[in-house]
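Peer 1: Pasting target_12.csv here (CSV, C-alpha atoms and all ligand atoms):
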chain,number,residue,atom,x,y,z
M,237,MET,CA,-28.5,-10.0,34.8
M,238,ASN,CA,-25.5,-11.4,36.5
M,239,ASP,CA,-23.7,-9.9,39.5
M,240,ILE,CA,-20.5,-8.8,37.9
M,241,THR,CA,-19.7,-5.1,38.2
M,242,ASN,CA,-17.3,-3.9,35.6
M,243,ASN,CA,-15.8,-0.5,35.2
M,244,TYR,CA,-14.9,0.4,31.6
M,245,THR,CA,-17.0,1.7,28.7
M,246,LEU,CA,-15.5,0.2,25.6
M,247,VAL,CA,-15.7,2.4,22.5
M,248,LEU,CA,-15.3,0.5,19.3
M,249,GLY,CA,-14.4,2.3,16.0
M,250,ALA,CA,-12.8,4.8,18.4
M,251,THR,CA,-10.6,6.4,15.7
M,252,GLY,CA,-13.6,6.9,13.4
M,253,LYS,CA,-16.0,9.8,12.9
M,254,THR,CA,-18.4,8.9,15.7
M,255,GLY,CA,-16.3,6.7,18.0
M,256,SER,CA,-13.6,9.4,18.5
M,257,ARG,CA,-16.3,11.9,19.5
M,258,VAL,CA,-18.1,9.5,21.7
M,259,ALA,CA,-14.9,8.7,23.6
M,260,LYS,CA,-14.1,12.3,24.1
M,261,LYS,CA,-17.5,13.2,25.4
M,262,LEU,CA,-17.5,10.2,27.8
M,263,ILE,CA,-14.0,11.0,29.1
M,264,ASN,CA,-15.1,14.7,29.6
M,265,GLN,CA,-17.9,13.3,31.8
M,266,GLY,CA,-15.4,11.4,34.0
M,267,ILE,CA,-16.4,8.0,32.6
M,268,VAL,CA,-13.6,5.4,32.4
M,269,VAL,CA,-13.2,4.7,28.7
M,270,ARG,CA,-11.2,2.1,26.7
M,271,THR,CA,-10.9,3.0,23.1
M,272,ALA,CA,-10.6,0.2,20.5
M,273,ALA,CA,-9.6,0.0,16.9
M,274,ARG,CA,-7.0,-1.9,14.8
M,275,SER,CA,-4.5,0.8,15.6
M,276,ARG,CA,-4.1,4.2,17.4
M,277,ALA,CA,-6.4,3.2,20.2
M,278,ASP,CA,-6.0,2.0,23.8
M,279,ILE,CA,-6.4,-1.6,22.7
M,280,ARG,CA,-6.1,-3.4,19.4
M,281,PHE,CA,-9.5,-4.8,18.4
M,282,ASP,CA,-10.1,-6.4,15.0
M,283,TRP,CA,-13.5,-7.8,13.9
M,284,ASN,CA,-11.5,-10.2,11.7
M,285,ASP,CA,-9.5,-11.6,14.6
M,286,ARG,CA,-11.6,-13.1,17.4
M,287,SER,CA,-8.5,-13.4,19.7
M,288,THR,CA,-8.7,-9.6,20.2
M,289,PHE,CA,-12.2,-9.8,21.7
M,290,ALA,CA,-11.4,-11.0,25.2
M,291,SER,CA,-8.9,-8.3,26.2
M,292,ALA,CA,-11.1,-5.6,24.7
M,293,LEU,CA,-14.0,-6.9,26.8
M,294,ASP,CA,-12.1,-7.3,30.1
M,295,ASN,CA,-13.8,-5.4,32.9
M,296,VAL,CA,-16.3,-3.7,30.5
M,297,SER,CA,-19.8,-2.6,31.6
M,298,ALA,CA,-21.0,-0.8,28.5
M,299,ILE,CA,-20.1,-0.7,24.8
M,300,TYR,CA,-20.4,1.7,22.0
M,301,LEU,CA,-20.8,-0.7,19.2
M,302,VAL,CA,-19.7,0.4,15.7
M,303,PRO,CA,-20.2,-2.7,13.5
M,304,PRO,CA,-17.6,-3.8,10.9
M,305,VAL,CA,-17.5,-1.1,8.3
M,306,LEU,CA,-17.8,-1.4,4.5
M,307,ARG,CA,-19.0,-5.0,4.9
M,308,VAL,CA,-22.4,-6.7,4.3
M,309,ASP,CA,-21.9,-10.0,6.1
M,310,PHE,CA,-21.1,-9.1,9.7
M,311,ALA,CA,-24.1,-10.3,11.7
M,312,ASN,CA,-22.6,-13.6,12.8
M,313,ILE,CA,-19.4,-12.1,14.0
M,314,VAL,CA,-21.2,-9.4,16.0
M,315,THR,CA,-23.4,-12.1,17.6
M,316,LYS,CA,-20.3,-14.0,18.7
M,317,PHE,CA,-18.9,-10.8,20.1
M,318,LEU,CA,-22.2,-10.0,22.0
M,319,ASP,CA,-22.3,-13.6,23.4
M,320,GLU,CA,-18.8,-13.0,24.8
M,321,ALA,CA,-19.8,-9.6,26.1
M,322,GLU,CA,-22.8,-11.1,27.9
M,323,ARG,CA,-20.6,-13.8,29.4
M,324,VAL,CA,-18.2,-11.3,30.9
M,325,GLY,CA,-20.9,-9.2,32.4
M,326,VAL,CA,-21.4,-6.3,30.0
M,327,ARG,CA,-24.7,-4.6,31.0
M,328,HIS,CA,-25.4,-2.2,28.1
M,329,VAL,CA,-24.7,-1.8,24.4
M,330,THR,CA,-25.4,1.4,22.4
M,331,TYR,CA,-25.4,0.3,18.8
M,332,LEU,CA,-24.6,2.5,15.8
M,333,SER,CA,-27.1,1.5,13.1
M,334,ALA,CA,-28.5,3.6,10.2
M,335,TYR,CA,-31.6,5.7,9.4
M,336,GLY,CA,-34.6,3.8,8.3
M,337,ILE,CA,-33.0,0.4,8.8
M,338,GLU,CA,-36.1,-0.8,10.6
M,339,HIS,CA,-37.7,-1.2,7.2
M,340,ALA,CA,-34.9,-3.5,5.9
M,341,PRO,CA,-35.3,-7.3,5.9
M,342,ALA,CA,-34.0,-9.2,8.9
M,343,GLU,CA,-31.2,-10.6,6.7
M,344,VAL,CA,-29.6,-7.2,6.3
M,345,ALA,CA,-26.7,-7.2,8.7
M,346,LEU,CA,-27.3,-3.8,10.2
M,347,ARG,CA,-30.9,-4.8,11.0
M,348,ALA,CA,-30.0,-8.3,12.1
M,349,VAL,CA,-27.8,-6.9,14.8
M,350,GLU,CA,-30.7,-4.7,16.0
M,351,LEU,CA,-32.9,-7.9,16.2
M,352,ASP,CA,-30.1,-9.8,18.0
M,353,LEU,CA,-29.8,-7.1,20.6
M,354,ALA,CA,-33.6,-7.0,21.1
M,355,SER,CA,-33.6,-10.7,21.8
M,356,ARG,CA,-31.1,-10.5,24.7
M,357,THR,CA,-32.1,-10.2,28.3
M,358,ALA,CA,-28.8,-10.2,30.1
M,359,LEU,CA,-27.9,-6.7,28.7
M,360,SER,CA,-29.9,-3.6,27.8
M,361,HIS,CA,-29.4,-1.7,24.6
M,362,SER,CA,-30.0,1.6,22.8
M,363,VAL,CA,-30.1,2.0,19.0
M,364,VAL,CA,-28.8,5.1,17.2
M,365,ARG,CA,-29.9,5.3,13.6
M,366,PRO,CA,-28.5,8.4,12.1
M,367,ALA,CA,-29.1,10.1,8.8
M,368,TRP,CA,-26.2,10.7,6.5
M,369,PHE,CA,-23.4,12.4,8.4
M,370,MET,CA,-22.5,16.1,7.6
M,371,GLN,CA,-18.8,14.9,8.0
M,372,ASN,CA,-19.1,12.9,4.8
M,373,PHE,CA,-18.6,16.3,3.1
M,374,SER,CA,-15.5,17.2,5.2
M,375,GLU,CA,-13.9,13.8,6.0
M,376,THR,CA,-14.9,11.1,3.5
M,377,PHE,CA,-16.7,10.1,0.4
M,378,VAL,CA,-18.6,13.2,-0.6
M,379,LYS,CA,-15.7,15.6,0.1
M,380,PRO,CA,-15.4,17.9,-2.9
M,381,VAL,CA,-12.7,17.0,-5.4
M,382,ASN,CA,-11.5,19.8,-7.7
M,383,ASP,CA,-14.3,21.9,-6.0
M,384,GLU,CA,-17.0,19.5,-7.1
M,385,ILE,CA,-19.2,17.2,-5.0
M,386,VAL,CA,-20.0,14.2,-7.2
M,387,VAL,CA,-22.7,11.8,-6.0
M,388,PRO,CA,-25.8,10.2,-7.7
M,389,CYS,CA,-28.5,11.8,-5.5
M,390,GLY,CA,-30.2,14.0,-8.1
M,391,MET,CA,-32.3,16.7,-6.4
M,392,GLY,CA,-33.2,14.5,-3.5
M,393,ALA,CA,-32.9,15.9,0.0
M,394,GLU,CA,-31.4,14.5,3.2
M,395,ALA,CA,-31.5,15.8,6.8
M,396,PHE,CA,-27.7,15.5,7.2
M,397,VAL,CA,-26.7,15.3,10.8
M,398,SER,CA,-23.4,16.2,12.6
M,399,ALA,CA,-21.3,13.4,13.9
M,400,ASP,CA,-21.0,15.6,17.0
M,401,ASP,CA,-24.7,15.3,17.6
M,402,ILE,CA,-24.7,11.6,16.9
M,403,ALA,CA,-21.9,11.2,19.5
M,404,SER,CA,-23.9,13.3,22.0
M,405,VAL,CA,-26.9,11.1,21.6
M,406,ALA,CA,-24.7,7.9,22.0
M,407,ALA,CA,-22.9,9.4,25.0
M,408,ALA,CA,-26.2,10.3,26.7
M,409,THR,CA,-27.3,6.6,26.4
M,410,LEU,CA,-23.9,5.3,27.6
M,411,SER,CA,-23.7,7.7,30.6
M,412,ASP,CA,-27.3,6.8,31.7
M,413,PRO,CA,-28.1,3.3,30.4
M,414,VAL,CA,-31.0,2.8,32.8
M,415,ARG,CA,-32.8,5.8,31.5
M,416,HIS,CA,-32.1,5.0,27.8
M,417,ALA,CA,-32.5,1.2,27.9
M,418,GLY,CA,-34.6,0.1,25.0
M,419,SER,CA,-34.5,3.6,23.4
M,420,VAL,CA,-34.2,4.1,19.6
M,421,TYR,CA,-32.9,7.5,18.3
M,422,SER,CA,-32.7,8.5,14.7
M,423,PRO,CA,-30.5,11.6,14.8
M,424,THR,CA,-31.1,14.1,12.0
M,425,GLY,CA,-30.1,17.7,11.3
M,426,PRO,CA,-32.7,20.5,11.6
M,427,LYS,CA,-33.3,20.7,7.8
M,428,ALA,CA,-33.4,18.4,4.8
M,429,LEU,CA,-31.0,19.8,2.1
M,430,THR,CA,-30.3,18.8,-1.5
M,431,PHE,CA,-26.7,18.3,-2.4
M,432,GLU,CA,-26.9,21.6,-4.3
M,433,GLU,CA,-28.0,23.4,-1.2
M,434,ALA,CA,-25.2,21.7,0.8
M,435,ALA,CA,-22.7,22.8,-1.8
M,436,ALA,CA,-24.0,26.4,-1.6
M,437,ASP,CA,-23.5,26.4,2.2
M,438,ILE,CA,-19.9,25.0,1.8
M,439,SER,CA,-19.2,27.7,-0.9
M,440,ASN,CA,-20.3,30.4,1.5
M,441,ALA,CA,-18.2,29.0,4.3
M,442,VAL,CA,-15.1,28.6,2.2
M,443,GLY,CA,-15.4,31.7,0.1
M,444,ARG,CA,-15.2,30.0,-3.4
M,445,ARG,CA,-17.6,28.1,-5.5
M,446,ILE,CA,-18.1,24.4,-4.7
M,447,SER,CA,-20.6,22.8,-7.1
M,448,TYR,CA,-22.6,19.7,-7.1
M,449,ARG,CA,-22.7,17.3,-10.0
M,450,ASP,CA,-25.2,14.4,-10.3
M,451,ILE,CA,-23.6,11.4,-12.0
M,452,ASP,CA,-24.7,8.0,-13.4
M,453,ARG,CA,-25.1,5.7,-10.5
M,454,ASN,CA,-23.2,2.7,-12.0
M,455,ALA,CA,-20.3,4.9,-13.0
M,456,TRP,CA,-20.1,6.3,-9.5
M,457,ILE,CA,-20.3,2.9,-7.9
M,458,ASN,CA,-17.5,1.6,-10.2
M,459,ALA,CA,-15.4,4.6,-9.3
M,460,MET,CA,-15.9,4.0,-5.6
M,461,ILE,CA,-14.8,0.3,-6.1
M,462,GLN,CA,-11.8,1.5,-8.1
M,463,ALA,CA,-11.0,3.7,-5.2
M,464,GLY,CA,-10.9,0.8,-2.7
M,465,VAL,CA,-14.5,0.2,-1.6
M,466,PRO,CA,-15.2,-3.6,-1.5
M,467,ALA,CA,-17.2,-4.7,-4.6
M,468,GLU,CA,-20.0,-6.3,-2.4
M,469,TYR,CA,-20.5,-2.9,-0.7
M,470,GLY,CA,-21.5,-1.4,-4.1
M,471,GLU,CA,-25.1,-2.5,-3.6
M,472,VAL,CA,-25.3,-0.7,-0.3
M,473,LEU,CA,-24.1,2.5,-2.0
M,474,ARG,CA,-26.7,1.9,-4.6
M,475,THR,CA,-29.5,1.7,-2.0
M,476,LEU,CA,-28.2,4.6,0.0
M,477,THR,CA,-28.0,7.0,-3.0
M,478,GLU,CA,-31.3,5.7,-4.6
M,479,THR,CA,-33.1,6.4,-1.4
M,480,ILE,CA,-32.1,10.1,-1.5
M,481,ALA,CA,-32.5,10.5,-5.2
M,482,SER,CA,-36.0,9.1,-5.2
M,483,GLY,CA,-37.1,11.6,-2.5
M,484,ARG,CA,-37.1,9.1,0.4
M,485,GLY,CA,-34.2,10.6,2.2
M,486,SER,CA,-34.4,11.3,6.0
M,487,ARG,CA,-36.5,14.2,7.2
M,488,PRO,CA,-35.9,16.3,10.4
M,489,ASN,CA,-37.1,15.0,13.7
M,490,ASN,CA,-36.6,15.9,17.4
M,491,ASP,CA,-34.4,13.0,18.4
M,492,VAL,CA,-31.2,14.9,19.0
M,493,LEU,CA,-33.1,17.4,21.2
M,494,THR,CA,-35.0,14.6,23.1
M,495,ALA,CA,-31.8,12.6,23.9
M,496,THR,CA,-29.4,15.5,24.6
M,497,ASP,CA,-31.6,18.5,25.5
M,498,LYS,CA,-29.8,20.5,22.8
M,499,PRO,CA,-31.0,21.3,19.3
M,500,PRO,CA,-29.1,19.7,16.4
M,501,THR,CA,-26.3,21.5,14.5
M,502,SER,CA,-27.4,23.2,11.2
M,503,PHE,CA,-25.5,22.5,8.0
M,504,THR,CA,-24.5,26.2,7.9
M,505,GLU,CA,-23.0,25.9,11.4
M,506,PHE,CA,-21.2,22.7,10.4
M,507,ALA,CA,-19.8,24.3,7.2
M,508,THR,CA,-18.6,27.4,9.0
M,509,LYS,CA,-16.8,25.2,11.6
M,510,SER,CA,-15.3,22.8,9.1
M,511,ALA,CA,-14.1,25.4,6.5
M,512,ALA,CA,-10.5,24.4,7.0
M,513,ALA,CA,-11.2,21.0,5.6
M,514,TRP,CA,-12.1,22.5,2.2
M,515,ARG,CA,-9.3,25.1,2.2
M,516,GLN,CA,-6.5,22.5,2.1
M,601,LIG,N1,-21.5,8.0,7.0
M,601,LIG,C1,-22.8,8.1,7.1
M,601,LIG,O1,-23.4,9.0,6.5
M,601,LIG,C2,-23.5,7.1,7.9
M,601,LIG,C3,-24.9,7.2,8.1
M,601,LIG,C4,-25.5,6.3,8.9
M,601,LIG,C5,-24.9,5.2,9.5
M,601,LIG,N2,-23.5,5.1,9.2
M,601,LIG,C6,-22.8,3.9,9.8
M,601,LIG,O2,-21.7,4.4,10.6
M,601,LIG,C7,-20.8,3.3,10.7
M,601,LIG,C8,-19.4,3.9,10.6
M,601,LIG,O3,-19.2,4.7,11.8
M,601,LIG,P1,-18.2,5.9,11.8
M,601,LIG,O4,-18.4,6.7,10.6
M,601,LIG,O5,-18.2,6.5,13.1
M,601,LIG,O6,-16.8,5.1,11.6
M,601,LIG,P2,-15.6,5.4,10.5
M,601,LIG,O7,-15.3,6.9,10.5
M,601,LIG,O8,-16.0,4.8,9.2
M,601,LIG,O9,-14.4,4.7,11.1
M,601,LIG,C9,-14.4,3.3,11.3
M,601,LIG,C10,-13.8,2.9,12.6
M,601,LIG,O10,-13.8,1.5,12.7
M,601,LIG,C11,-12.5,1.0,12.9
M,601,LIG,N3,-12.3,-0.3,12.1
M,601,LIG,C12,-12.3,-0.4,10.7
M,601,LIG,N4,-12.1,-1.7,10.4
M,601,LIG,C13,-12.1,-2.4,11.6
M,601,LIG,C14,-12.0,-3.8,12.0
M,601,LIG,N5,-11.8,-4.7,11.0
M,601,LIG,N6,-12.0,-4.1,13.3
M,601,LIG,C15,-12.1,-3.2,14.2
M,601,LIG,N7,-12.3,-1.9,14.0
M,601,LIG,C16,-12.3,-1.5,12.7
M,601,LIG,C17,-11.6,2.1,12.3
M,601,LIG,O11,-10.3,2.1,12.9
M,601,LIG,P3,-9.1,1.2,12.2
M,601,LIG,O12,-9.2,1.3,10.8
M,601,LIG,O13,-7.9,1.7,12.8
M,601,LIG,O14,-9.4,-0.2,12.8
M,601,LIG,C18,-12.4,3.3,12.8
M,601,LIG,O15,-12.1,3.6,14.1
M,601,LIG,C19,-21.1,2.3,9.6
M,601,LIG,O16,-21.6,1.1,10.1
M,601,LIG,C20,-22.2,3.0,8.8
M,601,LIG,O17,-23.2,2.1,8.3
M,601,LIG,C21,-22.8,6.0,8.5
Could you spell out this file's structure in structure tokens?
Peer 2:
Amino acid sequence: MNDITNNYTLVLGATGKTGSRVAKKLINQGIVVRTAARSRADIRFDWNDRSTFASALDNVSAIYLVPPVLRVDFANIVTKFLDEAERVGVRHVTYLSAYGIEHAPAEVALRAVELDLASRTALSHSVVRPAWFMQNFSETFVKPVNDEIVVPCGMGAEAFVSADDIASVAAATLSDPVRHAGSVYSPTGPKALTFEEAAADISNAVGRRISYRDIDRNAWINAMIQAGVPAEYGEVLRTLTETIASGRGSRPNNDVLTATDKPPTSFTEFATKSAAAWRQ
């Protein structure tokens, strides 16, 4: 480790589902935070523009690392960013990965970044590998359209986890990096639910019927690409949905409780709290 003592915690993806919540939690703890994204943050940071790295990293001691989203080829650019982070004295990185990624080959970018971090000695790291976010139902790609949730997951179950709980885990590691150095957490919710069960919880919360419809996987992927998802990301969507449909989705564990001393949010609690998202 070098002798530089920096002040800021840099939160990447700071306008997104987890980054926005991580930033809020750290600020509430009195930690000096710099939020970063391409717009609407303290500083402009763009993975596609290396000239934005230096000012984002200036005077930074710890980073919440949200890797480039909707991409499959980002390992090299993250390595370059981490090289620069090490050089300017960053001491700790908390990396947002994904549930089960330890089983992926080293060439898969999400896994490659984990291995890169594990090989570094000048900074410590924590890895957060969450299950599917509950907020996918209220904010993004499985939000009901015409009162229907459409996704090719059959009757497979997943221990959906709240982005609030993921952020609490990440914030715990960033506020006490020494305690959490080398830790790996795989945040899950308290129960594995099928999409039909999730739709029933949302129906109860919102007071009208929201249904779940399984769909042909290729048709769904094509529809996602038509809606703007990059074509190369289609294979990631295939793996994610096949994993759940085949019964290999995440199962509840104690990681949220272990990292935060609080039990994870249930899907029913999430649905009740988020009902406004489905009333619009
Ligand atoms: N959703 C799930 O169920 C799930 C489950 C497990 C793991 N994950 C992982 O979670 C990650 C996404 O995290 P999230 O959901 O918290 O984020 P998010 O809600 O998808 O938001 C993405 C954030 O990244 C920023 N961003 C996008 N393009 C960027 C670029 N080129 N350079 C710099 N910043 C950029 C966005 O702001 P701007 O657009 O303004 O730049 C935004 O702040 C993904 O890596 C995914 O694999 C997701």
Peer 1: With only C-alpha atoms and all ligand atoms counted and 6 Å as the cut-off, give the residues of chain M in contact with ligand LIG 601 (chain M), each with its shortest interatomic distance in Å and the pair that gives it, as a tab-separated table.
Peer 2:
residue	atom	partner	partner_atom	distance
M:Gly249	CA	M:LIG601	O15	3.3
M:Ala250	CA	M:LIG601	O15	4.5
M:Thr251	CA	M:LIG601	O15	3.6
M:Gly252	CA	M:LIG601	O9	3.3
M:Lys253	CA	M:LIG601	O7	3.8
M:Thr254	CA	M:LIG601	O5	3.5
M:Gly255	CA	M:LIG601	O5	5.3
M:Ala273	CA	M:LIG601	O14	4.1
M:Arg274	CA	M:LIG601	O14	3.6
M:Ser275	CA	M:LIG601	O13	4.5
M:Phe281	CA	M:LIG601	C15	5.2
M:Asp282	CA	M:LIG601	N6	3.4
M:Trp283	CA	M:LIG601	N6	4.0
M:Asn284	CA	M:LIG601	N5	5.6
M:Val302	CA	M:LIG601	O3	5.8
M:Pro303	CA	M:LIG601	O16	5.3
M:Pro304	CA	M:LIG601	C14	5.7
M:Val305	CA	M:LIG601	O16	5.0
M:Ser333	CA	M:LIG601	C5	5.6
M:Ala334	CA	M:LIG601	C5	4.0
M:Pro366	CA	M:LIG601	C4	4.9
M:Ala367	CA	M:LIG601	C3	5.2
M:Trp368	CA	M:LIG601	O1	3.3
M:Phe369	CA	M:LIG601	O1	3.9
M:Asn372	CA	M:LIG601	N1	5.9
Peer 1: Pull C-alpha atoms from the residues just selected and write them as a PDB file, in the coordinates of the input.
Peer 2:
ATOM      1  CA  GLY M 249     -14.400   2.300  16.000  1.00  0.00           C
ATOM      2  CA  ALA M 250     -12.800   4.800  18.400  1.00  0.00           C
ATOM      3  CA  THR M 251     -10.600   6.400  15.700  1.00  0.00           C
ATOM      4  CA  GLY M 252     -13.600   6.900  13.400  1.00  0.00           C
ATOM      5  CA  LYS M 253     -16.000   9.800  12.900  1.00  0.00           C
ATOM      6  CA  THR M 254     -18.400   8.900  15.700  1.00  0.00           C
ATOM      7  CA  GLY M 255     -16.300   6.700  18.000  1.00  0.00           C
ATOM      8  CA  ALA M 273      -9.600   0.000  16.900  1.00  0.00           C
ATOM      9  CA  ARG M 274      -7.000  -1.900  14.800  1.00  0.00           C
ATOM     10  CA  SER M 275      -4.500   0.800  15.600  1.00  0.00           C
ATOM     11  CA  PHE M 281      -9.500  -4.800  18.400  1.00  0.00           C
ATOM     12  CA  ASP M 282     -10.100  -6.400  15.000  1.00  0.00           C
ATOM     13  CA  TRP M 283     -13.500  -7.800  13.900  1.00  0.00           C
ATOM     14  CA  ASN M 284     -11.500 -10.200  11.700  1.00  0.00           C
ATOM     15  CA  VAL M 302     -19.700   0.400  15.700  1.00  0.00           C
ATOM     16  CA  PRO M 303     -20.200  -2.700  13.500  1.00  0.00           C
ATOM     17  CA  PRO M 304     -17.600  -3.800  10.900  1.00  0.00           C
ATOM     18  CA  VAL M 305     -17.500  -1.100   8.300  1.00  0.00           C
ATOM     19  CA  SER M 333     -27.100   1.500  13.100  1.00  0.00           C
ATOM     20  CA  ALA M 334     -28.500   3.600  10.200  1.00  0.00           C
ATOM     21  CA  PRO M 366     -28.500   8.400  12.100  1.00  0.00           C
ATOM     22  CA  ALA M 367     -29.100  10.100   8.800  1.00  0.00           C
ATOM     23  CA  TRP M 368     -26.200  10.700   6.500  1.00  0.00           C
ATOM     24  CA  PHE M 369     -23.400  12.400   8.400  1.00  0.00           C
ATOM     25  CA  ASN M 372     -19.100  12.900   4.800  1.00  0.00           C
TER      26      ASN M 372
END
Peer 1: Would you mind telling me which residue in M:Ser374, M:Thr271, M:Ser422, M:Thr504 lies nearest to M:Asn490 when using all atoms listed in the file?
Peer 2: M:Ser422
Peer 1: Report the distance between atom CA of M:Ile337 and atom CA of M:Leu359 in Å, rounded to one decimal place.
Peer 2: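 Atom CA of M:Leu359 lies 21.7 Å from atom CA of M:Ile337.
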Peer 1: Using all atoms listed in the file, pick whichever of M:Val397, M:Ala467, M:Asn454, M:Glu384 has the shortest atom-to-atom distance to M:Ser439.
Peer 2: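 When distances to M:Ser439 are compared using all atoms listed in the file, the smallest one comes from M:Glu384.
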Peer 1: Which polymer residues have any atom within 10 Å of an atom of M:Thr496, counting all atoms listed in the file, with same-chain residues fewer than 3 positions away left out, as a list of chain:residue names?
Peer 2: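 That gives M:Asp401, M:Ile402, M:Ser404, M:Val405, M:Ala406, M:Ala407, M:Ala408, M:Thr409, M:Asp491, M:Val492, M:Leu493, M:Pro499, M:Pro500.
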Peer 1: What does the distance from atom CA of M:Ala290 to atom CA of M:Asp352 come to in Å, to one decimal?
Peer 2: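 Pair atom CA of M:Ala290 / atom CA of M:Asp352 returns 20.1 Å.
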Peer 1: Rounded to one decimal, what separation in Å do you get between atom CA of M:Ala395 and atom CA of M:Ala507?
Peer 2: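 Atom-to-atom, atom CA of M:Ala395 to atom CA of M:Ala507, that is 14.5 Å.
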Peer 1: Around (-13.4, 23.3, 1.8) in the file's frame, which residues reach within 9 Å when counting all atoms listed in the file? Return as a list of chain:residue names?
Peer 2: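 Residues with an atom close enough to that point: M:Phe373, M:Ser374, M:Lys379, M:Pro380, M:Asp383, M:Ile438, M:Ser439, M:Ala441, M:Val442, M:Gly443, M:Arg444, M:Ile446, M:Ala507, M:Ser510, M:Ala511, M:Ala512, M:Ala513, M:Trp514, M:Arg515, M:Gln516.
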Peer 1: Restricted to C-alpha atoms, what would the selected residues look like written as a PDB file, keeping the file's coordinate frame?
Peer 2:
ATOM      1  CA  PHE M 373     -18.600  16.300   3.100  1.00  0.00           C
ATOM      2  CA  SER M 374     -15.500  17.200   5.200  1.00  0.00           C
ATOM      3  CA  LYS M 379     -15.700  15.600   0.100  1.00  0.00           C
ATOM      4  CA  PRO M 380     -15.400  17.900  -2.900  1.00  0.00           C
ATOM      5  CA  ASP M 383     -14.300  21.900  -6.000  1.00  0.00           C
ATOM      6  CA  ILE M 438     -19.900  25.000   1.800  1.00  0.00           C
ATOM      7  CA  SER M 439     -19.200  27.700  -0.900  1.00  0.00           C
ATOM      8  CA  ALA M 441     -18.200  29.000   4.300  1.00  0.00           C
ATOM      9  CA  VAL M 442     -15.100  28.600   2.200  1.00  0.00           C
ATOM     10  CA  GLY M 443     -15.400  31.700   0.100  1.00  0.00           C
ATOM     11  CA  ARG M 444     -15.200  30.000  -3.400  1.00  0.00           C
ATOM     12  CA  ILE M 446     -18.100  24.400  -4.700  1.00  0.00           C
ATOM     13  CA  ALA M 507     -19.800  24.300   7.200  1.00  0.00           C
ATOM     14  CA  SER M 510     -15.300  22.800   9.100  1.00  0.00           C
ATOM     15  CA  ALA M 511     -14.100  25.400   6.500  1.00  0.00           C
ATOM     16  CA  ALA M 512     -10.500  24.400   7.000  1.00  0.00           C
ATOM     17  CA  ALA M 513     -11.200  21.000   5.600  1.00  0.00           C
ATOM     18  CA  TRP M 514     -12.100  22.500   2.200  1.00  0.00           C
ATOM     19  CA  ARG M 515      -9.300  25.100   2.200  1.00  0.00           C
ATOM     20  CA  GLN M 516      -6.500  22.500   2.100  1.00  0.00           C
TER      21      GLN M 516
END
Peer 1: Using only C-alpha atoms, what residues lie at most 10 Å away from (-28.6, 16.1, -4.6) (file coordinates), given as a list in words?
Peer 2: Ile385, Val386, Val387, Pro388, Cys389, Gly390, Met391, Gly392, Ala393, Glu394, Leu429, Thr430, Phe431, Glu432, Glu433, Ala434, Ala435, Tyr448, Arg449, Asp450, Thr477, Ile480, Ala481 and Gly483 of chain M
Peer 1: Output C-alpha atoms for every residue in that selection, as a PDB file, in the frame of the given file.
Peer 2:
ATOM      1  CA  ILE M 385     -19.200  17.200  -5.000  1.00  0.00           C
ATOM      2  CA  VAL M 386     -20.000  14.200  -7.200  1.00  0.00           C
ATOM      3  CA  VAL M 387     -22.700  11.800  -6.000  1.00  0.00           C
ATOM      4  CA  PRO M 388     -25.800  10.200  -7.700  1.00  0.00           C
ATOM      5  CA  CYS M 389     -28.500  11.800  -5.500  1.00  0.00           C
ATOM      6  CA  GLY M 390     -30.200  14.000  -8.100  1.00  0.00           C
ATOM      7  CA  MET M 391     -32.300  16.700  -6.400  1.00  0.00           C
ATOM      8  CA  GLY M 392     -33.200  14.500  -3.500  1.00  0.00           C
ATOM      9  CA  ALA M 393     -32.900  15.900   0.000  1.00  0.00           C
ATOM     10  CA  GLU M 394     -31.400  14.500   3.200  1.00  0.00           C
ATOM     11  CA  LEU M 429     -31.000  19.800   2.100  1.00  0.00           C
ATOM     12  CA  THR M 430     -30.300  18.800  -1.500  1.00  0.00           C
ATOM     13  CA  PHE M 431     -26.700  18.300  -2.400  1.00  0.00           C
ATOM     14  CA  GLU M 432     -26.900  21.600  -4.300  1.00  0.00           C
ATOM     15  CA  GLU M 433     -28.000  23.400  -1.200  1.00  0.00           C
ATOM     16  CA  ALA M 434     -25.200  21.700   0.800  1.00  0.00           C
ATOM     17  CA  ALA M 435     -22.700  22.800  -1.800  1.00  0.00           C
ATOM     18  CA  TYR M 448     -22.600  19.700  -7.100  1.00  0.00           C
ATOM     19  CA  ARG M 449     -22.700  17.300 -10.000  1.00  0.00           C
ATOM     20  CA  ASP M 450     -25.200  14.400 -10.300  1.00  0.00           C
ATOM     21  CA  THR M 477     -28.000   7.000  -3.000  1.00  0.00           C
ATOM     22  CA  ILE M 480     -32.100  10.100  -1.500  1.00  0.00           C
ATOM     23  CA  ALA M 481     -32.500  10.500  -5.200  1.00  0.00           C
ATOM     24  CA  GLY M 483     -37.100  11.600  -2.500  1.00  0.00           C
TER      25      GLY M 483
END
Peer 1: Can you pull out the residues contacting stretch 345-350 of chain M? Cut-off 8 Å, using all atoms listed in the file, and skip same-chain residues under 2 positions away; I want them as a ChimeraX atom specification.
Peer 2: /M:303,308-311,314-315,331,333-334,337-338,340-343,352-354,363
